[in-house]
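Here is the structure we will look at.
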2 protein chains.
Amino acid sequence: MFRRLGRLGHMSAQPLDSSEHRSGALLDHLARRMRLRSESVLAPLGLRPRHLVALTVLRAGGGTGQQALATILEMDSTNIVGLLNDLEAKQLIERRRSPEDRRRHVVELTEDGAKRLSEAECALASAEDEVLGALDRTERETLYELLSRASTGTAVTCTEAICATDDTC
Amino acid sequence: MFRRLGRLGHMSAQPLDSSEHRSGALLDHLARRMRLRSESVLAPLGLRPRHLVALTVLRAGGGTGQQALATILEMDSTNIVGLLNDLEAKQLIERRRSPEDRRRHVVELTEDGAKRLSEAECALASAEDEVLGALDRTERETLYELLSRASTGTAVTCTEAICATDDTC
DNA sequence: GTAATCGTCTGTGAAACACCAACTATTTAT
DNA sequence: ATAAATAGTTGGTGTTTCACAGACGATTAC
């Protein structure tokens, strides 16, 4: 699964030169700022930030079992159940039994789910404007593209594919 | 590399057209993945992810009062106290009373604090490699630059300034 | 002097988890 | 066919991170 780690053989103490920029803390900081604003915006839609994460992941790479989803979201599978229960109760996702392995529940976005996700994303425009105010349009698109690629491992290239779907803004 | 997005002609009433890409959920997702890995790496250093966020913010824009810090981190000021207590107990920050307004505690990174932060960032290299594995070196630098600018509002442009400081890796 | 502000401390409660144990349905191995 | 492993579900426990409220001392502003 993770087959890169081949490079930079560390022959000295410093694998990297002086410019060691870690994005972790910044990621944390911005995610928090965004989440705080998202909560109030998402509440009327009956969603919480973590639901949105799940929906987003499902849109990007749907049709996975719950185990796989737990791996992607890095959450305990028992807690995934509750999360999906919420979403299924609202009919935003569907659990179908896999024909190949009937133990497995294949989780997928419903039409309603995709629509609600789009609505949520539109509603979050102002929140994003506040948090990413220092970045212009092109920079935000770049940011999205980088986050998107990082988030889905190495796959996707969904940039174009999605555009066709959520023009229902 | 990222300046394809030129095709989107119709400028309608909306400030934004159909390609509505929200980074919030991705930010959340990646921040979580990073935080999970950071915890184990940071533990031996006596730090937690949220300490690192505070230290990072303080390094970027030190010399602020706690109220201001609460605003930046968007946390309740009563909880800031505990956070700073932790860091002060480890002598990573200092609280000096402001000469102008002696009610105010000006918070600043100590030398130890800056060093510890650098150490932590170095230690987080492998965590970042895992989470941002899909991005190459240049892309990660771009990401850092974007996050950094967004995080500090509109100021800073610290990219070069910091390099000179934390080469003590 | 009185009022407002900054920081501190204490405590309460909610939410998001991780983790454990038990159970069902189903598949795979022997 | 029987046993073992796997996917999901349910219920429960405990921890951590918060937001929020109340009260206090120190300091400043009016």
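Labels for the structure tokens follow display order: chains A, B, ..., residues from 1 in each chain, ligands from 1.
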
| task | Please return as a ChimeraX atom specification: the residues of range 19-87 of chain B that backbone DSSP assigns to alpha helix (DSSP H). | result | /B:24-42,49-61,66-73,77-87

| query | Taking only C-alpha atoms (C1' of nucleotides) into account, which residues of chain A are within 12 Å of chain D, as an MDAnalysis selection string? | reply | chainID A and resid 32 36 65:68 77:82 84:85 95 97:98 101:106

Based on the selection just made, write C-alpha atoms of those residues as a short mmCIF file (atom, residue, chain, number, x, y, z; two decimals), in the first residue's frame.
data_model
loop_
_atom_site.label_atom_id
_atom_site.label_comp_id
_atom_site.auth_asym_id
_atom_site.auth_seq_id
_atom_site.Cartn_x
_atom_site.Cartn_y
_atom_site.Cartn_z
CA ARG A 32 -9.82 23.68 13.88
CA LEU A 36 -15.60 25.74 14.42
CA GLY A 65 -16.52 -1.83 3.05
CA GLN A 66 -16.69 -0.40 6.54
CA GLN A 67 -13.42 -1.96 7.51
CA ALA A 68 -11.71 -0.16 4.67
CA SER A 77 -14.51 0.39 13.36
CA THR A 78 -16.98 0.28 16.23
CA ASN A 79 -17.29 4.03 16.04
CA ILE A 80 -17.67 3.93 12.29
CA VAL A 81 -20.88 2.03 12.84
CA GLY A 82 -22.47 4.87 14.73
CA LEU A 84 -22.76 5.43 9.35
CA ASN A 85 -25.96 4.83 11.31
CA ARG A 95 -25.27 -0.14 3.06
CA ARG A 97 -24.32 -6.39 1.13
CA SER A 98 -21.48 -7.24 -1.16
CA ASP A 101 -18.55 -11.53 0.19
CA ARG A 102 -21.85 -11.27 1.90
CA ARG A 103 -20.29 -10.47 5.23
CA ARG A 104 -19.27 -7.15 3.87
CA HIS A 105 -21.38 -4.02 3.81
CA VAL A 106 -20.52 -1.90 0.85
#

| message | Residues of chain C within 12 Å of chain B, counting only C-alpha atoms (C1' of nucleotides), what are they? List them as a list in words. | response |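 Every residue of chain C that passes the 12 Å test is in DT5, DC6, DG7, DT8, DC9, DT10, DC17 and DA18 of chain C.
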
Can I get the selected residues back with N, CA and C atoms (P, O5', C5', C4', C3', O3' and C1' of nucleotides), as a short mmCIF file (atom, residue, chain, number, x, y, z; two decimals), in the first residue's frame?
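Output saved as part-v3.cif:
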data_model
loop_
_atom_site.label_atom_id
_atom_site.label_comp_id
_atom_site.auth_asym_id
_atom_site.auth_seq_id
_atom_site.Cartn_x
_atom_site.Cartn_y
_atom_site.Cartn_z
P DT C 5 -14.77 45.92 29.25
"O5'" DT C 5 -13.31 45.44 29.66
"C5'" DT C 5 -12.23 46.36 29.55
"C4'" DT C 5 -10.94 45.67 29.97
"C3'" DT C 5 -10.79 44.25 29.44
"O3'" DT C 5 -9.50 44.12 28.87
"C1'" DT C 5 -10.42 44.30 31.76
P DC C 6 -9.08 42.84 28.06
"O5'" DC C 6 -8.08 42.13 29.08
"C5'" DC C 6 -6.83 42.73 29.37
"C4'" DC C 6 -6.04 41.80 30.26
"C3'" DC C 6 -6.03 40.35 29.78
"O3'" DC C 6 -4.69 39.89 29.66
"C1'" DC C 6 -6.70 40.51 32.06
P DG C 7 -4.37 38.47 29.11
"O5'" DG C 7 -4.33 37.61 30.45
"C5'" DG C 7 -3.29 37.86 31.36
"C4'" DG C 7 -3.59 37.19 32.69
"C3'" DG C 7 -3.59 35.65 32.65
"O3'" DG C 7 -2.55 35.17 33.46
"C1'" DG C 7 -5.40 36.53 33.92
P DT C 8 -2.24 33.63 33.44
"O5'" DT C 8 -3.10 33.03 34.64
"C5'" DT C 8 -2.91 33.50 35.96
"C4'" DT C 8 -3.98 32.95 36.88
"C3'" DT C 8 -4.17 31.43 36.82
"O3'" DT C 8 -3.48 30.84 37.92
"C1'" DT C 8 -6.22 32.65 37.09
P DC C 9 -3.40 29.26 38.04
"O5'" DC C 9 -4.77 28.84 38.74
"C5'" DC C 9 -5.14 29.46 39.97
"C4'" DC C 9 -6.55 29.00 40.37
"C3'" DC C 9 -6.80 27.50 40.19
"O3'" DC C 9 -7.08 26.92 41.45
"C1'" DC C 9 -8.60 28.81 39.35
P DT C 10 -7.29 25.35 41.58
"O5'" DT C 10 -8.87 25.17 41.43
"C5'" DT C 10 -9.77 25.89 42.26
"C4'" DT C 10 -11.20 25.54 41.91
"C3'" DT C 10 -11.42 24.07 41.55
"O3'" DT C 10 -12.33 23.47 42.46
"C1'" DT C 10 -12.47 25.53 39.98
P DC C 17 -13.81 11.90 16.18
"O5'" DC C 17 -13.97 10.35 16.36
"C5'" DC C 17 -14.15 9.70 17.60
"C4'" DC C 17 -12.91 9.61 18.41
"C3'" DC C 17 -12.35 8.21 18.49
"O3'" DC C 17 -11.01 8.15 18.07
"C1'" DC C 17 -13.05 8.96 20.65
P DA C 18 -10.50 6.76 17.46
"O5'" DA C 18 -9.93 5.92 18.70
"C5'" DA C 18 -8.88 6.44 19.48
"C4'" DA C 18 -8.68 5.57 20.71
"C3'" DA C 18 -8.48 4.08 20.38
"O3'" DA C 18 -7.45 3.56 21.21
"C1'" DA C 18 -10.35 4.36 21.83
#

| Quick one: residues within 8 Å of Arg48 in chain A, only C-alpha atoms (C1' of nucleotides) counted, chain neighbours fewer than 4 positions away excluded, as a list in words? |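 These residues fall inside the cut-off: Ser38, Glu39, Leu42, Ala43 and Leu52 of chain A.
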
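Take CA of Ala127 in chain A and CA of Gln91 in chain A: the distance between them is 25.8 Å.
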
| said: Measuring between only C-alpha atoms, which one of B:Leu58, B:Val107, B:Leu45, B:Leu73 shows the shortest distance to chain A? | reply: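 Once distances to chain A are computed over only C-alpha atoms, the minimum belongs to B:Leu73.
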
| task | Find, counting only C-alpha atoms, the residue in A:Asp28, A:Glu108, A:Glu130, A:Glu100 that gets nearest to chain B. | result |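 Using only C-alpha atoms, the shortest distance to chain B belongs to A:Asp28.
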
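For the pair CA of Ala70 in chain B and CA of Glu141 in chain B, the interatomic distance is 28.0 Å.
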
| Distance query Val131 in chain B at most 12 Å, only C-alpha atoms (C1' of nucleotides), self and fewer than 2 positions along chain excluded, as a VMD selection string | (chain A and resid 2 4 to 5 22 to 24 27 72 74 147 to 154) or (chain B and resid 29 to 38 124 to 129 133 to 136 140)

Written selection (N, CA and C atoms) as a CSV table (one decimal), in the first residue's frame:
chain,number,residue,atom,x,y,z
A,2,PHE,N,1.8,1.3,0.9
A,2,PHE,CA,2.7,2.5,0.9
A,2,PHE,C,4.1,2.1,0.4
A,4,ARG,N,6.2,3.9,-1.2
A,4,ARG,CA,7.3,4.9,-1.3
A,4,ARG,C,7.9,5.1,0.1
A,5,LEU,N,9.2,5.1,0.1
A,5,LEU,CA,10.0,5.4,1.3
A,5,LEU,C,11.3,5.0,0.9
A,22,ARG,N,7.4,21.7,8.7
A,22,ARG,CA,6.3,20.7,9.0
A,22,ARG,C,5.0,21.3,9.0
A,23,SER,N,4.1,20.7,8.2
A,23,SER,CA,2.8,21.2,8.0
A,23,SER,C,1.8,20.8,9.1
A,24,GLY,N,2.2,19.8,9.9
A,24,GLY,CA,1.2,19.2,10.9
A,24,GLY,C,0.5,20.2,11.7
A,27,LEU,N,-1.8,22.5,9.8
A,27,LEU,CA,-3.0,21.7,9.4
A,27,LEU,C,-4.0,21.6,10.5
A,72,ILE,N,-9.2,4.1,6.2
A,72,ILE,CA,-9.0,5.4,5.6
A,72,ILE,C,-9.2,6.6,6.6
A,74,GLU,N,-9.1,6.3,9.7
A,74,GLU,CA,-8.3,6.0,10.9
A,74,GLU,C,-9.1,6.1,12.1
A,147,LEU,N,-4.4,19.0,-1.1
A,147,LEU,CA,-5.0,18.3,0.0
A,147,LEU,C,-5.7,17.1,-0.5
A,148,SER,N,-6.4,17.3,-1.7
A,148,SER,CA,-7.1,16.2,-2.3
A,148,SER,C,-6.2,15.0,-2.6
A,149,ARG,N,-5.1,15.3,-3.3
A,149,ARG,CA,-4.2,14.3,-3.6
A,149,ARG,C,-3.6,13.6,-2.4
A,150,ALA,N,-3.2,14.4,-1.4
A,150,ALA,CA,-2.7,13.8,-0.2
A,150,ALA,C,-3.7,12.9,0.5
A,151,SER,N,-4.9,13.4,0.5
A,151,SER,CA,-6.0,12.7,1.2
A,151,SER,C,-6.3,11.3,0.6
A,152,THR,N,-6.3,11.3,-0.7
A,152,THR,CA,-6.7,10.0,-1.3
A,152,THR,C,-5.5,9.2,-1.7
A,153,GLY,N,-4.5,9.3,-0.9
A,153,GLY,CA,-3.2,8.6,-1.2
A,153,GLY,C,-2.6,9.1,-2.4
A,154,THR,N,-2.7,8.4,-3.5
A,154,THR,CA,-2.1,8.9,-4.7
A,154,THR,C,-3.0,8.8,-5.9
B,29,HIS,N,-9.6,15.8,7.7
B,29,HIS,CA,-9.1,14.5,7.5
B,29,HIS,C,-7.6,14.3,7.6
B,30,LEU,N,-6.9,15.2,6.9
B,30,LEU,CA,-5.5,15.1,7.0
B,30,LEU,C,-4.9,15.5,8.3
B,31,ALA,N,-5.6,16.5,8.9
B,31,ALA,CA,-5.1,16.9,10.3
B,31,ALA,C,-5.2,15.8,11.3
B,32,ARG,N,-6.3,15.0,11.1
B,32,ARG,CA,-6.5,13.9,12.0
B,32,ARG,C,-5.4,12.8,11.8
B,33,ARG,N,-5.2,12.5,10.5
B,33,ARG,CA,-4.2,11.5,10.2
B,33,ARG,C,-2.8,11.9,10.8
B,34,MET,N,-2.5,13.2,10.6
B,34,MET,CA,-1.3,13.7,11.1
B,34,MET,C,-1.2,13.7,12.6
B,35,ARG,N,-2.3,14.1,13.2
B,35,ARG,CA,-2.3,14.2,14.7
B,35,ARG,C,-2.1,12.8,15.3
B,36,LEU,N,-2.8,11.8,14.7
B,36,LEU,CA,-2.6,10.5,15.3
B,36,LEU,C,-1.2,10.0,15.3
B,37,ARG,N,-0.5,10.3,14.2
B,37,ARG,CA,0.9,9.9,14.2
B,37,ARG,C,1.8,10.8,15.0
B,38,SER,N,1.4,12.0,15.1
B,38,SER,CA,2.2,13.0,15.9
B,38,SER,C,2.2,12.6,17.4
B,124,LEU,N,9.0,14.8,13.4
B,124,LEU,CA,7.8,14.5,12.7
B,124,LEU,C,7.9,14.2,11.2
B,125,ALA,N,9.2,14.2,10.8
B,125,ALA,CA,9.4,14.0,9.4
B,125,ALA,C,8.8,12.7,8.9
B,126,SER,N,9.0,11.7,9.6
B,126,SER,CA,8.4,10.4,9.2
B,126,SER,C,6.9,10.4,9.2
B,127,ALA,N,6.3,11.0,10.2
B,127,ALA,CA,4.9,11.1,10.2
B,127,ALA,C,4.4,11.8,8.9
B,128,GLU,N,5.1,12.9,8.6
B,128,GLU,CA,4.6,13.7,7.5
B,128,GLU,C,4.9,12.9,6.2
B,129,ASP,N,5.9,12.1,6.1
B,129,ASP,CA,6.2,11.3,5.0
B,129,ASP,C,5.0,10.3,4.7
B,133,GLY,N,2.6,11.4,1.7
B,133,GLY,CA,3.4,10.6,0.8
B,133,GLY,C,3.1,10.8,-0.7
B,134,ALA,N,1.9,11.2,-1.0
B,134,ALA,CA,1.5,11.4,-2.4
B,134,ALA,C,2.1,12.7,-3.0
B,135,LEU,N,2.6,13.5,-2.1
B,135,LEU,CA,3.1,14.8,-2.6
B,135,LEU,C,4.7,14.8,-2.6
B,136,ASP,N,5.2,15.3,-3.7
B,136,ASP,CA,6.7,15.4,-3.7
B,136,ASP,C,7.2,16.6,-2.9
B,140,ARG,N,5.0,19.7,-1.3
B,140,ARG,CA,4.9,19.8,0.2
B,140,ARG,C,5.3,21.2,0.6
